[in-house]
2 protein chains.
Amino acid sequence: MTLRVKKIGVRGNKRFFCPDRCGRLRQVPTSPAPTTRRSLRGRPAATSHAEIEQAAFQLFVTRGFEATTLDDIGEAIGVGRRTITRYYPSKNDIPWGQFDRTLDGFREILRATPTELQLHEAVHRGVLAFNDFPTDASPSHRDRMRLILTTPALQAHSVLRYASWREVIAEYVAERTGTRPDDLLPQTVGQVSLALALTAYQAWLADESASLPQLLDATMAHLRSYLAG
Amino acid sequence: MTLRVKKIGVRGNKRFFCPDRCGRLRQVPTSPAPTTRRSLRGRPAATSHAEIEQAAFQLFVTRGFEATTLDDIGEAIGVGRRTITRYYPSKNDIPWGQFDRTLDGFREILRATPTELQLHEAVHRGVLAFNDFPTDASPSHRDRMRLILTTPALQAHSVLRYASWREVIAEYVAERTGTRPDDLLPQTVGQVSLALALTAYQAWLADESASLPQLLDATMAHLRSYLAG
DNA sequence: TATCTTTTTGACCCTGAGTGTCATTAATGT
DNA sequence: ACATTAATGACACTCAGGGTCAAAAAGATA
């Protein structure tokens, strides 16, 4: 019989060790599987997406992403590994945080763009506005993007997020040109817009003093001059 | 003691069951870790990258990528799971096959492009030439790309391959413009070229009768008209 | 022919991500 | 008090990945 010695360590109830947690902002109870529903009935949630995200981020930047296990994260906030996997579908999804919710904001931004603008001008402004992040975020936008864009596993996983981002653009372009989102023009614009944004982001991370909006303009300018010959 | 019942099934030596394998083309012995060296001394390789790739591909398209385990693949060609992980660094790397070697060809193609051509014209022709695949490949280029571009895990993993592809373009652009490969223009051109190619590929997979070269031209044309306004 | 050398294989070991199951816990509502 | 509800944590399992090492199977050599 393989001895089962591990994990007998007392983790116990978390509220027992940290009763003041109740006072924190828990704006969205964010029950494990359903992300937006709130529950007032059953056992209260022992943690939140935000708490997991911040504790994990701390560990990711200090120990490195690969070297941090889900057990480490759970231990940091006094929660079991299984709980974490219920809040986030995968370890790779933690650094992105609540990205999906920001996509709705992106849609709003594009919809609010004046239609007098040329299509490419409207999309470009939309991209600029989407990437105008508040500076007080924690972890900071730059740190988050640095982690995502320099960790191979996260680089890879991010394409799935990018696909949703591109679809927002494709839908907007389709609506304005009377085509379908999966037609060639909307898809091309979505892909190219992402390409420009990623290039700008990479330069932004490489140069601490750089301005992201200016870099977004610069990549677009480079593309124009490149195509002009 | 945990009973160890599994894997007692007789696998035995493979050549014993399939003595005619010796006659096959084994153009590159492709020893496990070193990819290009050939060995005439020690124990002969029981399999090859090509054999693994074809057996795996067969299983991927029939059972699905996720549903196929490395054990399945190993069983299909009479080889242990550990052997497969020696030939390929990860399951995700199997469908790409010998992609890295084709990148050298890409470099050659670009280098051979007449310098009288405008930069964007040269890059575009290079991309076209790179994607002019022989039609007798097995698995076919289309089937391989379909698997890669429709399986989420492979979509994600592929960005790491794409990075090398983009670098080839960035290096070429850097050389022709007197900049460094990590400057903004070469990086932008690399990212945008990939964006156009991926869009073309997706349309190519969606329409059986489509021509890939024409779609590559079409995405470029769409980008031009989009930017022209 | 017997032995040495070289190289690959396969068995065995472990870690870690991800998932299903289910009893337990901790709240609300009656 | 008791029922209801919902999250948690313990447990078991599969699979990918990787380290280690004895055994296998060839060529080379005596």
# chains A, B, ... in the order shown; residues from 1 in each chain; ligands from 1

call {"tool": "closest_atom_pairs", "arguments": {"of": "chain B", "to": "chain C", "cutoff": "7 Å", "atoms": "only C-alpha atoms (C1' of nucleotides)", "output": "tab-separated table"}}
result
residue	atom	partner	partner_atom	distance
B:Arg41	CA	C:DT6	C1'	5.5
B:Gly42	CA	C:DT7	C1'	3.8
B:Arg43	CA	C:DT8	C1'	5.2
B:Pro44	CA	C:DT8	C1'	6.5
B:Ala45	CA	C:DT8	C1'	6.0
B:Gly80	CA	C:DG10	C1'	6.4

call {"tool": "residues_around", "arguments": {"residues": "segment 62-78 of chain B", "least_positions_apart": "4", "cutoff": "8 Å", "atoms": "only C-alpha atoms (C1' of nucleotides)", "output": "list of chain:residue names"}}
result
B:Arg11, B:Lys14, B:Thr47, B:Glu51, B:Ile52, B:Ala55, B:Ala56, B:Gln58, B:Thr83, B:Ile84, B:Lys91, B:Thr151, D:DC15

call {"tool": "closest_atom_pairs", "arguments": {"of": "chain B", "to": "chain A", "cutoff": "10 Å", "atoms": "only C-alpha atoms", "output": "tab-separated table"}}
result
residue	atom	partner	partner_atom	distance
B:Met1	CA	A:Met1	CA	4.0
B:Thr2	CA	A:Met1	CA	5.6
B:Leu3	CA	A:Met1	CA	8.8
B:Leu117	CA	A:Gly229	CA	9.7
B:Gln118	CA	A:Gly229	CA	6.0
B:Leu119	CA	A:Gly229	CA	6.7
B:His120	CA	A:Leu227	CA	6.1
B:Glu121	CA	A:Gly229	CA	8.4
B:Pro152	CA	A:Leu160	CA	7.5
B:Ala153	CA	A:His157	CA	8.1
B:Leu154	CA	A:Ala156	CA	9.1
B:Gln155	CA	A:Val159	CA	7.3
B:Ala156	CA	A:Ala156	CA	4.4
B:His157	CA	A:Ala156	CA	5.2
B:Ser158	CA	A:Ala156	CA	7.2
B:Val159	CA	A:Ala156	CA	5.7
B:Leu160	CA	A:Ala156	CA	6.7
B:Arg161	CA	A:Ala156	CA	9.9
B:Asp182	CA	A:Ala203	CA	8.6
B:Asp183	CA	A:Ala203	CA	8.3
B:Leu184	CA	A:Thr219	CA	6.9
B:Leu185	CA	A:His222	CA	5.8
B:Pro186	CA	A:His222	CA	9.2
B:Gln187	CA	A:Thr199	CA	6.4
B:Thr188	CA	A:Thr199	CA	5.9
B:Val189	CA	A:Leu223	CA	7.0
B:Gly190	CA	A:Ala195	CA	8.7
B:Gln191	CA	A:Ala195	CA	5.1
B:Val192	CA	A:Ala195	CA	5.5
B:Ser193	CA	A:Val192	CA	8.5
B:Leu194	CA	A:Ala195	CA	8.1
B:Ala195	CA	A:Gln191	CA	5.1
B:Leu196	CA	A:Thr188	CA	6.4
B:Ala197	CA	A:Thr188	CA	9.4
B:Leu198	CA	A:Gln191	CA	8.0
B:Thr199	CA	A:Thr188	CA	5.9
B:Ala200	CA	A:Leu184	CA	8.0
B:Gln202	CA	A:Gln187	CA	9.2
B:Ala203	CA	A:Leu184	CA	7.2
B:Ala206	CA	A:Asp182	CA	9.9
B:Leu215	CA	A:Leu184	CA	8.8
B:Ala218	CA	A:Leu184	CA	8.1
B:Thr219	CA	A:Thr188	CA	6.2
B:Met220	CA	A:Thr188	CA	8.5
B:Ala221	CA	A:Leu185	CA	9.3
B:His222	CA	A:Leu185	CA	5.8
B:Leu223	CA	A:Thr188	CA	6.9
B:Arg224	CA	A:Leu227	CA	7.7
B:Ser225	CA	A:Leu185	CA	9.4
B:Tyr226	CA	A:His120	CA	6.4
B:Leu227	CA	A:His120	CA	6.0
B:Ala228	CA	A:His120	CA	8.5
B:Gly229	CA	A:Gln118	CA	6.0

call {"tool": "closest_atom_pairs", "arguments": {"of": "chain D", "to": "chain A", "cutoff": "12 Å", "atoms": "only C-alpha atoms (C1' of nucleotides)", "output": "JSON lines"}}
result
{"residue": "D:DT4", "atom": "C1'", "partner": "A:Arg41", "partner_atom": "CA", "distance": 8.4}
{"residue": "D:DT5", "atom": "C1'", "partner": "A:Gly42", "partner_atom": "CA", "distance": 4.6}
{"residue": "D:DA6", "atom": "C1'", "partner": "A:Gly42", "partner_atom": "CA", "distance": 4.0}
{"residue": "D:DA7", "atom": "C1'", "partner": "A:Arg43", "partner_atom": "CA", "distance": 5.3}
{"residue": "D:DT8", "atom": "C1'", "partner": "A:Thr83", "partner_atom": "CA", "distance": 7.0}
{"residue": "D:DG9", "atom": "C1'", "partner": "A:Gly80", "partner_atom": "CA", "distance": 6.4}
{"residue": "D:DA10", "atom": "C1'", "partner": "A:Lys7", "partner_atom": "CA", "distance": 9.3}
{"residue": "D:DC11", "atom": "C1'", "partner": "A:Arg82", "partner_atom": "CA", "distance": 10.9}

call {"tool": "write_last_selection", "arguments": {"atoms": "C-alpha atoms (C1' of nucleotides)", "output": "short mmCIF file (atom, residue, chain, number, x, y, z; two decimals), in the first residue's frame"}}
result
data_model
loop_
_atom_site.label_atom_id
_atom_site.label_comp_id
_atom_site.auth_asym_id
_atom_site.auth_seq_id
_atom_site.Cartn_x
_atom_site.Cartn_y
_atom_site.Cartn_z
"C1'" DT D 4 -32.66 24.44 2.04
"C1'" DT D 5 -28.92 26.01 -0.59
"C1'" DA D 6 -24.37 26.50 -2.25
"C1'" DA D 7 -19.43 26.44 -1.73
"C1'" DT D 8 -15.62 23.95 0.05
"C1'" DG D 9 -12.22 20.30 0.65
"C1'" DA D 10 -10.77 15.58 0.56
"C1'" DC D 11 -10.15 11.85 -2.46
#

call {"tool": "select_by_dssp", "arguments": {"residues": "chain B", "states": "helix (DSSP H, G or I)", "output": "NGL selection string"}}
result
:B and (14-17 or 19-23 or 49-63 or 70-77 or 81-87 or 91-93 or 99-111 or 119-130 or 141-150 or 152-177 or 184-206 or 212-228)
